[in-house]
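Quick look at entry04.cif (mmCIF, N, CA and C atoms):
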```cif
data_coords
loop_
_atom_site.label_atom_id
_atom_site.label_comp_id
_atom_site.auth_asym_id
_atom_site.auth_seq_id
_atom_site.Cartn_x
_atom_site.Cartn_y
_atom_site.Cartn_z
N MET A 1 14.28 -22.90 -28.65
CA MET A 1 13.61 -21.67 -28.97
C MET A 1 14.24 -20.99 -30.18
N LEU A 2 15.56 -20.82 -30.20
CA LEU A 2 16.22 -20.21 -31.35
C LEU A 2 16.24 -21.14 -32.55
N ARG A 3 16.07 -22.43 -32.31
CA ARG A 3 16.13 -23.39 -33.40
C ARG A 3 15.05 -23.10 -34.45
N ASP A 4 13.88 -22.61 -34.04
CA ASP A 4 12.79 -22.34 -34.96
C ASP A 4 12.57 -20.84 -35.19
N ALA A 5 13.51 -20.02 -34.77
CA ALA A 5 13.34 -18.57 -34.88
C ALA A 5 13.22 -18.11 -36.33
N LEU A 6 13.90 -18.75 -37.25
CA LEU A 6 13.88 -18.34 -38.66
C LEU A 6 13.17 -19.36 -39.53
N ASP A 7 12.32 -20.16 -38.95
CA ASP A 7 11.57 -21.17 -39.70
C ASP A 7 10.75 -20.50 -40.79
N GLY A 8 10.85 -21.00 -42.01
CA GLY A 8 10.11 -20.45 -43.14
C GLY A 8 10.89 -19.42 -43.95
N LEU A 9 12.07 -19.03 -43.47
CA LEU A 9 12.89 -18.06 -44.18
C LEU A 9 13.87 -18.79 -45.08
N THR A 10 14.06 -18.30 -46.30
CA THR A 10 15.03 -18.88 -47.22
C THR A 10 16.15 -17.87 -47.45
N VAL A 11 17.39 -18.34 -47.32
CA VAL A 11 18.57 -17.50 -47.50
C VAL A 11 19.35 -18.05 -48.69
N VAL A 12 19.71 -17.17 -49.63
CA VAL A 12 20.56 -17.56 -50.75
C VAL A 12 21.96 -17.09 -50.44
N ASP A 13 22.90 -18.03 -50.40
CA ASP A 13 24.28 -17.75 -49.99
C ASP A 13 25.20 -17.75 -51.19
N PHE A 14 25.78 -16.58 -51.51
CA PHE A 14 26.75 -16.45 -52.60
C PHE A 14 28.17 -16.28 -52.06
N THR A 15 28.36 -16.39 -50.75
CA THR A 15 29.66 -16.13 -50.14
C THR A 15 30.63 -17.27 -50.41
N GLN A 16 31.93 -16.94 -50.35
CA GLN A 16 32.96 -17.94 -50.57
C GLN A 16 34.03 -17.91 -49.49
N ILE A 17 34.37 -16.71 -49.01
CA ILE A 17 35.44 -16.61 -48.01
C ILE A 17 35.00 -15.68 -46.89
N GLY A 18 35.77 -15.65 -45.85
CA GLY A 18 35.48 -14.76 -44.74
C GLY A 18 34.39 -15.29 -43.83
N ALA A 19 33.63 -14.38 -43.28
CA ALA A 19 32.61 -14.75 -42.30
C ALA A 19 31.31 -15.23 -42.94
N GLY A 20 31.16 -15.09 -44.25
CA GLY A 20 29.92 -15.44 -44.93
C GLY A 20 29.44 -16.86 -44.67
N PRO A 21 30.26 -17.89 -44.92
CA PRO A 21 29.81 -19.26 -44.67
C PRO A 21 29.45 -19.52 -43.20
N THR A 22 30.17 -18.90 -42.29
CA THR A 22 29.87 -19.06 -40.87
C THR A 22 28.52 -18.43 -40.54
N CYS A 23 28.25 -17.27 -41.10
CA CYS A 23 26.96 -16.61 -40.85
C CYS A 23 25.80 -17.43 -41.38
N THR A 24 25.95 -17.97 -42.59
CA THR A 24 24.85 -18.77 -43.14
C THR A 24 24.67 -20.07 -42.36
N MET A 25 25.74 -20.61 -41.81
CA MET A 25 25.62 -21.79 -40.96
C MET A 25 24.80 -21.46 -39.71
N LEU A 26 25.06 -20.30 -39.12
CA LEU A 26 24.30 -19.89 -37.95
C LEU A 26 22.83 -19.67 -38.29
N LEU A 27 22.55 -19.08 -39.45
CA LEU A 27 21.17 -18.90 -39.88
C LEU A 27 20.48 -20.25 -40.07
N ALA A 28 21.19 -21.22 -40.64
CA ALA A 28 20.62 -22.56 -40.81
C ALA A 28 20.37 -23.22 -39.46
N ASP A 29 21.27 -23.01 -38.52
CA ASP A 29 21.07 -23.56 -37.18
C ASP A 29 19.84 -22.98 -36.50
N MET A 30 19.47 -21.76 -36.88
CA MET A 30 18.28 -21.12 -36.31
C MET A 30 17.01 -21.43 -37.10
N GLY A 31 17.11 -22.31 -38.09
CA GLY A 31 15.91 -22.77 -38.78
C GLY A 31 15.72 -22.30 -40.20
N ALA A 32 16.58 -21.43 -40.70
CA ALA A 32 16.43 -20.93 -42.07
C ALA A 32 16.85 -22.01 -43.07
N ARG A 33 16.21 -21.98 -44.22
CA ARG A 33 16.60 -22.86 -45.33
C ARG A 33 17.68 -22.11 -46.10
N VAL A 34 18.86 -22.70 -46.29
CA VAL A 34 19.98 -22.04 -46.94
C VAL A 34 20.25 -22.71 -48.29
N LEU A 35 20.27 -21.90 -49.34
CA LEU A 35 20.63 -22.37 -50.67
C LEU A 35 22.01 -21.83 -50.99
N LYS A 36 22.98 -22.73 -51.11
CA LYS A 36 24.36 -22.33 -51.37
C LYS A 36 24.59 -22.34 -52.88
N VAL A 37 25.03 -21.19 -53.41
CA VAL A 37 25.33 -21.05 -54.84
C VAL A 37 26.84 -20.91 -54.97
N GLU A 38 27.44 -21.80 -55.76
CA GLU A 38 28.88 -21.77 -55.95
C GLU A 38 29.20 -21.53 -57.42
N PRO A 39 30.35 -20.91 -57.70
CA PRO A 39 30.72 -20.67 -59.09
C PRO A 39 31.04 -21.99 -59.80
N PRO A 40 30.81 -22.05 -61.10
CA PRO A 40 31.15 -23.29 -61.82
C PRO A 40 32.65 -23.55 -61.76
N ALA A 41 33.00 -24.80 -61.59
CA ALA A 41 34.42 -25.15 -61.47
C ALA A 41 35.08 -25.28 -62.82
#
```

Since I need it in another form, could you write the structure as structure tokens?
Amino acid sequence: MLRDALDGLTVVDFTQIGAGPTCTMLLADMGARVLKVEPPA
């Protein structure tokens, strides 16, 4: 049931430290499409 709760939602993730990556992982687990943006190395 929660797996498809956020189906069709796109999340852009600019986080690097702290709870941000964990939160976006949970959103992805609930069906959201997550686009991870990282700074150039």

Residue IDs satisfying the PyMOL selection byres ((chain A and resi 13-15) around 5), as a short mmCIF file (atom, residue, chain, number, x, y, z; two decimals) with N, CA and C atoms, in the coordinates of the input:
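The result, stored in expr-v6.cif:
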```cif
data_model
loop_
_atom_site.label_atom_id
_atom_site.label_comp_id
_atom_site.auth_asym_id
_atom_site.auth_seq_id
_atom_site.Cartn_x
_atom_site.Cartn_y
_atom_site.Cartn_z
N VAL A 11 17.39 -18.34 -47.32
CA VAL A 11 18.57 -17.50 -47.50
C VAL A 11 19.35 -18.05 -48.69
N VAL A 12 19.71 -17.17 -49.63
CA VAL A 12 20.56 -17.56 -50.75
C VAL A 12 21.96 -17.09 -50.44
N GLN A 16 31.93 -16.94 -50.35
CA GLN A 16 32.96 -17.94 -50.57
C GLN A 16 34.03 -17.91 -49.49
N ILE A 17 34.37 -16.71 -49.01
CA ILE A 17 35.44 -16.61 -48.01
C ILE A 17 35.00 -15.68 -46.89
N LEU A 35 20.27 -21.90 -49.34
CA LEU A 35 20.63 -22.37 -50.67
C LEU A 35 22.01 -21.83 -50.99
N LYS A 36 22.98 -22.73 -51.11
CA LYS A 36 24.36 -22.33 -51.37
C LYS A 36 24.59 -22.34 -52.88
N VAL A 37 25.03 -21.19 -53.41
CA VAL A 37 25.33 -21.05 -54.84
C VAL A 37 26.84 -20.91 -54.97
#
```

Which residues are close to stretch 4-10 of chain A, i.e. within 6 Å by only C-alpha atoms, leaving aside same-chain residues fewer than 5 positions away? Reply as a PyMOL selection string. chain A and resi 30-34

Atomic separation - atom CA of A:Pro40 relative to atom C of A:Met25, Å: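 If I compute the distance from atom C of A:Met25 to atom CA of A:Pro40, I get 23.1 Å.
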
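Residues of chain A assigned to helix (DSSP H, G or I) by DSSP on this structure's backbone: Leu2, Arg3, Asp4, Gly20, Pro21, Thr22, Cys23, Thr24, Met25, Leu26, Leu27, Ala28 and Asp29 of chain A.
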
What does the distance between atom N of A:Thr24 and atom C of A:Ala41 come to in Å, to one decimal place?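 Taking atom N of A:Thr24 and atom C of A:Ala41, their separation equals 23.4 Å.
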
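As for atom N of A:Arg3 and atom N of A:Pro39, they are spaced 29.2 Å apart.
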
Would you please extract all strand (DSSP E) residues from chain A, as assigned by DSSP on the backbone, and give them as JSON, numbers by chain? {"A": [10, 11, 12, 13, 33, 34, 35, 36]}

Store the residues of this selection in a file with N, CA and C atoms, as a CSV table (one decimal), keeping the file's coordinate frame.
```
chain,number,residue,atom,x,y,z
A,10,THR,N,14.1,-18.3,-46.3
A,10,THR,CA,15.0,-18.9,-47.2
A,10,THR,C,16.2,-17.9,-47.4
A,11,VAL,N,17.4,-18.3,-47.3
A,11,VAL,CA,18.6,-17.5,-47.5
A,11,VAL,C,19.4,-18.0,-48.7
A,12,VAL,N,19.7,-17.2,-49.6
A,12,VAL,CA,20.6,-17.6,-50.8
A,12,VAL,C,22.0,-17.1,-50.4
A,13,ASP,N,22.9,-18.0,-50.4
A,13,ASP,CA,24.3,-17.8,-50.0
A,13,ASP,C,25.2,-17.8,-51.2
A,33,ARG,N,16.2,-22.0,-44.2
A,33,ARG,CA,16.6,-22.9,-45.3
A,33,ARG,C,17.7,-22.1,-46.1
A,34,VAL,N,18.9,-22.7,-46.3
A,34,VAL,CA,20.0,-22.0,-46.9
A,34,VAL,C,20.2,-22.7,-48.3
A,35,LEU,N,20.3,-21.9,-49.3
A,35,LEU,CA,20.6,-22.4,-50.7
A,35,LEU,C,22.0,-21.8,-51.0
A,36,LYS,N,23.0,-22.7,-51.1
A,36,LYS,CA,24.4,-22.3,-51.4
A,36,LYS,C,24.6,-22.3,-52.9
```

Would you mind putting back N, CA, C and O atoms on stretch 16-31 of chain A, then writing it out as a PDB file, in the coordinates of the input?
```pdb
ATOM      1  N   GLN A  16      31.930 -16.940 -50.350  1.00  0.00           N
ATOM      2  CA  GLN A  16      32.960 -17.940 -50.570  1.00  0.00           C
ATOM      3  C   GLN A  16      34.030 -17.910 -49.490  1.00  0.00           C
ATOM      4  O   GLN A  16      34.548 -18.948 -49.120  1.00  0.00           O
ATOM      5  N   ILE A  17      34.370 -16.710 -49.010  1.00  0.00           N
ATOM      6  CA  ILE A  17      35.440 -16.610 -48.010  1.00  0.00           C
ATOM      7  C   ILE A  17      35.000 -15.680 -46.890  1.00  0.00           C
ATOM      8  O   ILE A  17      33.985 -14.995 -46.994  1.00  0.00           O
ATOM      9  N   GLY A  18      35.770 -15.650 -45.850  1.00  0.00           N
ATOM     10  CA  GLY A  18      35.480 -14.760 -44.740  1.00  0.00           C
ATOM     11  C   GLY A  18      34.390 -15.290 -43.830  1.00  0.00           C
ATOM     12  O   GLY A  18      34.223 -16.502 -43.662  1.00  0.00           O
ATOM     13  N   ALA A  19      33.630 -14.380 -43.280  1.00  0.00           N
ATOM     14  CA  ALA A  19      32.610 -14.750 -42.300  1.00  0.00           C
ATOM     15  C   ALA A  19      31.310 -15.230 -42.940  1.00  0.00           C
ATOM     16  O   ALA A  19      30.429 -15.708 -42.238  1.00  0.00           O
ATOM     17  N   GLY A  20      31.160 -15.090 -44.250  1.00  0.00           N
ATOM     18  CA  GLY A  20      29.920 -15.440 -44.930  1.00  0.00           C
ATOM     19  C   GLY A  20      29.440 -16.860 -44.670  1.00  0.00           C
ATOM     20  O   GLY A  20      28.284 -17.055 -44.241  1.00  0.00           O
ATOM     21  N   PRO A  21      30.260 -17.890 -44.920  1.00  0.00           N
ATOM     22  CA  PRO A  21      29.810 -19.260 -44.670  1.00  0.00           C
ATOM     23  C   PRO A  21      29.450 -19.520 -43.200  1.00  0.00           C
ATOM     24  O   PRO A  21      28.509 -20.255 -42.906  1.00  0.00           O
ATOM     25  N   THR A  22      30.170 -18.900 -42.290  1.00  0.00           N
ATOM     26  CA  THR A  22      29.870 -19.060 -40.870  1.00  0.00           C
ATOM     27  C   THR A  22      28.520 -18.430 -40.540  1.00  0.00           C
ATOM     28  O   THR A  22      27.720 -19.010 -39.802  1.00  0.00           O
ATOM     29  N   CYS A  23      28.250 -17.270 -41.100  1.00  0.00           N
ATOM     30  CA  CYS A  23      26.960 -16.610 -40.850  1.00  0.00           C
ATOM     31  C   CYS A  23      25.800 -17.430 -41.380  1.00  0.00           C
ATOM     32  O   CYS A  23      24.775 -17.568 -40.711  1.00  0.00           O
ATOM     33  N   THR A  24      25.950 -17.970 -42.590  1.00  0.00           N
ATOM     34  CA  THR A  24      24.850 -18.770 -43.140  1.00  0.00           C
ATOM     35  C   THR A  24      24.670 -20.070 -42.360  1.00  0.00           C
ATOM     36  O   THR A  24      23.549 -20.558 -42.238  1.00  0.00           O
ATOM     37  N   MET A  25      25.740 -20.610 -41.810  1.00  0.00           N
ATOM     38  CA  MET A  25      25.620 -21.790 -40.960  1.00  0.00           C
ATOM     39  C   MET A  25      24.800 -21.460 -39.710  1.00  0.00           C
ATOM     40  O   MET A  25      23.932 -22.246 -39.306  1.00  0.00           O
ATOM     41  N   LEU A  26      25.060 -20.300 -39.120  1.00  0.00           N
ATOM     42  CA  LEU A  26      24.300 -19.890 -37.950  1.00  0.00           C
ATOM     43  C   LEU A  26      22.830 -19.670 -38.290  1.00  0.00           C
ATOM     44  O   LEU A  26      21.942 -20.028 -37.517  1.00  0.00           O
ATOM     45  N   LEU A  27      22.550 -19.080 -39.450  1.00  0.00           N
ATOM     46  CA  LEU A  27      21.170 -18.900 -39.880  1.00  0.00           C
ATOM     47  C   LEU A  27      20.480 -20.250 -40.070  1.00  0.00           C
ATOM     48  O   LEU A  27      19.318 -20.422 -39.684  1.00  0.00           O
ATOM     49  N   ALA A  28      21.190 -21.220 -40.640  1.00  0.00           N
ATOM     50  CA  ALA A  28      20.620 -22.560 -40.810  1.00  0.00           C
ATOM     51  C   ALA A  28      20.370 -23.220 -39.460  1.00  0.00           C
ATOM     52  O   ALA A  28      19.354 -23.898 -39.280  1.00  0.00           O
ATOM     53  N   ASP A  29      21.270 -23.010 -38.520  1.00  0.00           N
ATOM     54  CA  ASP A  29      21.070 -23.560 -37.180  1.00  0.00           C
ATOM     55  C   ASP A  29      19.840 -22.980 -36.500  1.00  0.00           C
ATOM     56  O   ASP A  29      19.235 -23.627 -35.646  1.00  0.00           O
ATOM     57  N   MET A  30      19.470 -21.760 -36.880  1.00  0.00           N
ATOM     58  CA  MET A  30      18.280 -21.120 -36.310  1.00  0.00           C
ATOM     59  C   MET A  30      17.010 -21.430 -37.100  1.00  0.00           C
ATOM     60  O   MET A  30      15.971 -20.854 -36.817  1.00  0.00           O
ATOM     61  N   GLY A  31      17.110 -22.310 -38.090  1.00  0.00           N
ATOM     62  CA  GLY A  31      15.910 -22.770 -38.780  1.00  0.00           C
ATOM     63  C   GLY A  31      15.720 -22.300 -40.200  1.00  0.00           C
ATOM     64  O   GLY A  31      14.762 -22.705 -40.859  1.00  0.00           O
TER      65      GLY A  31
END
```
